[in-house]
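Here is the structure we will look at.
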Amino acid sequence: MGKAMRVSATIALGLLATAACTPAPPLHQVVEFDGDAVRIPFEEVSDGSVHFFTLVHHGKNVNFLVRTDGLGAQHAHLDACYACYRYKRGFVVEGEALVCIACRLEYLLEDEVWDYIGACAPISIHSSVEGDQLVIDESILVRAARYF
């Protein structure tokens, strides 16, 4: 094999390894747009837990979560934060806390507000309740795709 061929092979293997090792956002329960919004039955997200969802938009996983705080109110957040989103790791529930997988900061599930630690906090997104559904407008999730 000639020197040029070895260099080309080395570059190709390097690119392949880089592509294979690039983190991708996880895939959670997949949801789709229903008209101009994602609509989630309220009964599915009002049990006091954190529920993770994925909207696949133009081949990109846009991950978000819905949680119930200690007072029973629902909140929607991206499964990303301003500080660590580039790592595409998101959050995980460990015991009574939501934990950033990249930097390990914790947020108690019962807390009403999660933006008190700074840049590494789940990015809040607007949601509303329409009848028996939690609704997140399409425009919010489309704009959020830049974090994934």
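By convention here, the chains of the structure tokens are called A, B, ... in the order presented, each chain's residues are numbered starting at 1, and ligands are numbered starting at 1 in the order presented.
Within the 12 Å cut-off around Glu112 of chain A, using only C-alpha atoms and omitting residues fewer than 3 positions from it on the same chain, the listed residues are Arg67, Thr68, Asp69, Gly70, Leu71, Gly72, Ala73, Gln74, His75, Ala76, Tyr107, Leu108, Leu109, Asp115, Tyr116 and Ser124 of chain A.
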Show me, as a CSV table (one decimal) with C-alpha atoms, in the first residue's frame, the residues that have an atom within 7 Å of segment 131-145 of chain A when counting only C-alpha atoms, minus same-chain residues fewer than 6 positions from it.
chain,number,residue,atom,x,y,z
A,36,ASP,CA,-49.5,22.7,16.1
A,37,ALA,CA,-48.4,21.2,19.5
A,38,VAL,CA,-47.4,18.1,21.4
A,39,ARG,CA,-50.3,17.0,23.6
A,40,ILE,CA,-49.6,14.7,26.5
A,41,PRO,CA,-52.5,13.2,28.6
A,42,PHE,CA,-52.4,15.0,31.9
A,62,VAL,CA,-35.5,17.0,20.8
- Just list the residues in chain A DSSP gives strand (DSSP E or B) on the backbone, as a ChimeraX atom specification. /A:29-31,34,37-41,50-57,60-68,74-81,91-94,97-100,106-108,122-125,128-130,133-137
Please write the residues from the selection above to a file, keeping C-alpha atoms, as a tab-separated table (two decimals), in the first residue's frame.
chain	number	residue	atom	x	y	z
A	29	GLN	CA	-40.85	7.93	24.87
A	30	VAL	CA	-41.45	9.32	21.39
A	31	VAL	CA	-44.19	11.90	20.90
A	34	ASP	CA	-50.83	16.83	17.05
A	37	ALA	CA	-48.41	21.21	19.46
A	38	VAL	CA	-47.39	18.14	21.42
A	39	ARG	CA	-50.26	17.00	23.60
A	40	ILE	CA	-49.65	14.67	26.51
A	41	PRO	CA	-52.53	13.25	28.56
A	50	VAL	CA	-40.31	12.97	36.07
A	51	HIS	CA	-41.35	11.83	32.60
A	52	PHE	CA	-38.95	12.03	29.65
A	53	PHE	CA	-40.09	12.46	26.05
A	54	THR	CA	-38.47	12.72	22.63
A	55	LEU	CA	-39.81	14.60	19.64
A	56	VAL	CA	-37.96	13.60	16.46
A	57	HIS	CA	-37.75	16.77	14.37
A	60	LYS	CA	-32.90	15.30	15.51
A	61	ASN	CA	-34.02	14.06	18.95
A	62	VAL	CA	-35.51	17.01	20.83
A	63	ASN	CA	-35.74	15.75	24.40
A	64	PHE	CA	-37.84	17.26	27.13
A	65	LEU	CA	-39.26	16.28	30.47
A	66	VAL	CA	-42.38	16.98	32.45
A	67	ARG	CA	-42.34	16.90	36.23
A	68	THR	CA	-44.66	17.48	39.14
A	74	GLN	CA	-46.50	20.51	36.41
A	75	HIS	CA	-43.41	22.00	34.76
A	76	ALA	CA	-41.86	21.30	31.36
A	77	HIS	CA	-38.11	21.53	30.74
A	78	LEU	CA	-35.70	20.55	28.01
A	79	ASP	CA	-33.58	17.52	28.81
A	80	ALA	CA	-30.64	19.91	28.51
A	81	CYS	CA	-29.10	22.89	30.27
A	91	PHE	CA	-30.52	14.41	33.02
A	92	VAL	CA	-31.38	11.29	34.96
A	93	VAL	CA	-33.48	10.68	38.06
A	94	GLU	CA	-31.49	9.36	41.01
A	97	ALA	CA	-33.27	14.27	42.58
A	98	LEU	CA	-32.84	15.06	38.92
A	99	VAL	CA	-29.10	14.91	38.16
A	100	CYS	CA	-27.15	16.39	35.24
A	106	GLU	CA	-28.67	17.78	41.51
A	107	TYR	CA	-32.16	19.26	41.66
A	108	LEU	CA	-34.63	17.99	44.25
A	122	PRO	CA	-32.93	22.18	33.07
A	123	ILE	CA	-34.06	24.78	30.54
A	124	SER	CA	-37.67	25.66	31.31
A	125	ILE	CA	-40.12	25.66	28.43
A	128	SER	CA	-50.18	24.85	29.32
A	129	VAL	CA	-53.09	22.66	30.29
A	130	GLU	CA	-55.94	22.35	27.81
A	133	GLN	CA	-53.81	17.47	28.28
A	134	LEU	CA	-50.47	19.15	28.88
A	135	VAL	CA	-49.68	21.14	25.73
A	136	ILE	CA	-46.32	22.37	24.40
A	137	ASP	CA	-46.48	24.50	21.26
- Would you please extract all alpha helix (DSSP H) residues from chain A, as assigned by DSSP on the backbone, and give them as a ChimeraX atom specification? /A:3-21,42-45,138-144
Could you save those same residues with N, CA and C atoms as a short mmCIF file (atom, residue, chain, number, x, y, z; two decimals), in the first residue's frame?
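Output contents, as saved in part25.cif:
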data_model
loop_
_atom_site.label_atom_id
_atom_site.label_comp_id
_atom_site.auth_asym_id
_atom_site.auth_seq_id
_atom_site.Cartn_x
_atom_site.Cartn_y
_atom_site.Cartn_z
N LYS A 3 2.03 5.31 0.35
CA LYS A 3 1.92 6.26 1.46
C LYS A 3 0.62 7.05 1.38
N ALA A 4 0.22 7.48 0.19
CA ALA A 4 -1.02 8.26 0.04
C ALA A 4 -2.23 7.42 0.45
N MET A 5 -2.20 6.13 0.09
CA MET A 5 -3.30 5.24 0.44
C MET A 5 -3.38 5.05 1.96
N ARG A 6 -2.21 4.90 2.63
CA ARG A 6 -2.18 4.73 4.08
C ARG A 6 -2.72 5.97 4.78
N VAL A 7 -2.34 7.15 4.28
CA VAL A 7 -2.82 8.40 4.86
C VAL A 7 -4.33 8.50 4.70
N SER A 8 -4.83 8.18 3.51
CA SER A 8 -6.27 8.22 3.27
C SER A 8 -7.01 7.25 4.18
N ALA A 9 -6.47 6.05 4.35
CA ALA A 9 -7.09 5.05 5.20
C ALA A 9 -7.09 5.52 6.66
N THR A 10 -5.99 6.13 7.09
CA THR A 10 -5.90 6.63 8.46
C THR A 10 -6.92 7.74 8.69
N ILE A 11 -7.05 8.65 7.76
CA ILE A 11 -8.03 9.74 7.88
C ILE A 11 -9.44 9.17 7.91
N ALA A 12 -9.74 8.22 7.05
CA ALA A 12 -11.07 7.62 7.00
C ALA A 12 -11.40 6.92 8.32
N LEU A 13 -10.45 6.18 8.87
CA LEU A 13 -10.68 5.51 10.15
C LEU A 13 -10.87 6.53 11.27
N GLY A 14 -10.12 7.61 11.24
CA GLY A 14 -10.27 8.66 12.25
C GLY A 14 -11.64 9.30 12.18
N LEU A 15 -12.11 9.60 10.98
CA LEU A 15 -13.44 10.18 10.83
C LEU A 15 -14.53 9.22 11.28
N LEU A 16 -14.36 7.96 10.95
CA LEU A 16 -15.34 6.95 11.37
C LEU A 16 -15.37 6.83 12.88
N ALA A 17 -14.22 6.80 13.52
CA ALA A 17 -14.16 6.70 14.98
C ALA A 17 -14.77 7.93 15.64
N THR A 18 -14.50 9.12 15.08
CA THR A 18 -15.06 10.35 15.63
C THR A 18 -16.58 10.34 15.52
N ALA A 19 -17.09 9.94 14.38
CA ALA A 19 -18.54 9.91 14.18
C ALA A 19 -19.18 8.90 15.12
N ALA A 20 -18.56 7.76 15.31
CA ALA A 20 -19.12 6.73 16.17
C ALA A 20 -19.09 7.14 17.64
N CYS A 21 -18.15 8.00 18.02
CA CYS A 21 -18.01 8.39 19.42
C CYS A 21 -18.72 9.69 19.75
N PHE A 42 -52.74 14.49 30.60
CA PHE A 42 -52.36 15.00 31.92
C PHE A 42 -52.17 13.86 32.93
N GLU A 43 -53.00 12.83 32.82
CA GLU A 43 -52.90 11.71 33.76
C GLU A 43 -51.56 10.99 33.66
N GLU A 44 -50.87 11.09 32.52
CA GLU A 44 -49.58 10.43 32.35
C GLU A 44 -48.44 11.16 33.06
N VAL A 45 -48.63 12.44 33.37
CA VAL A 45 -47.52 13.23 33.92
C VAL A 45 -47.85 13.88 35.26
N GLU A 138 -45.61 23.78 19.14
CA GLU A 138 -44.62 23.35 18.16
C GLU A 138 -43.45 24.33 18.08
N SER A 139 -43.73 25.63 18.05
CA SER A 139 -42.67 26.62 17.88
C SER A 139 -41.62 26.55 18.99
N ILE A 140 -42.02 26.21 20.18
CA ILE A 140 -41.09 26.10 21.31
C ILE A 140 -40.14 24.94 21.10
N LEU A 141 -40.67 23.79 20.70
CA LEU A 141 -39.82 22.61 20.52
C LEU A 141 -38.95 22.71 19.28
N VAL A 142 -39.45 23.37 18.24
CA VAL A 142 -38.64 23.57 17.03
C VAL A 142 -37.44 24.46 17.35
N ARG A 143 -37.67 25.54 18.10
CA ARG A 143 -36.55 26.41 18.51
C ARG A 143 -35.58 25.69 19.43
N ALA A 144 -36.09 24.78 20.24
CA ALA A 144 -35.26 24.05 21.20
C ALA A 144 -34.32 23.06 20.52
#
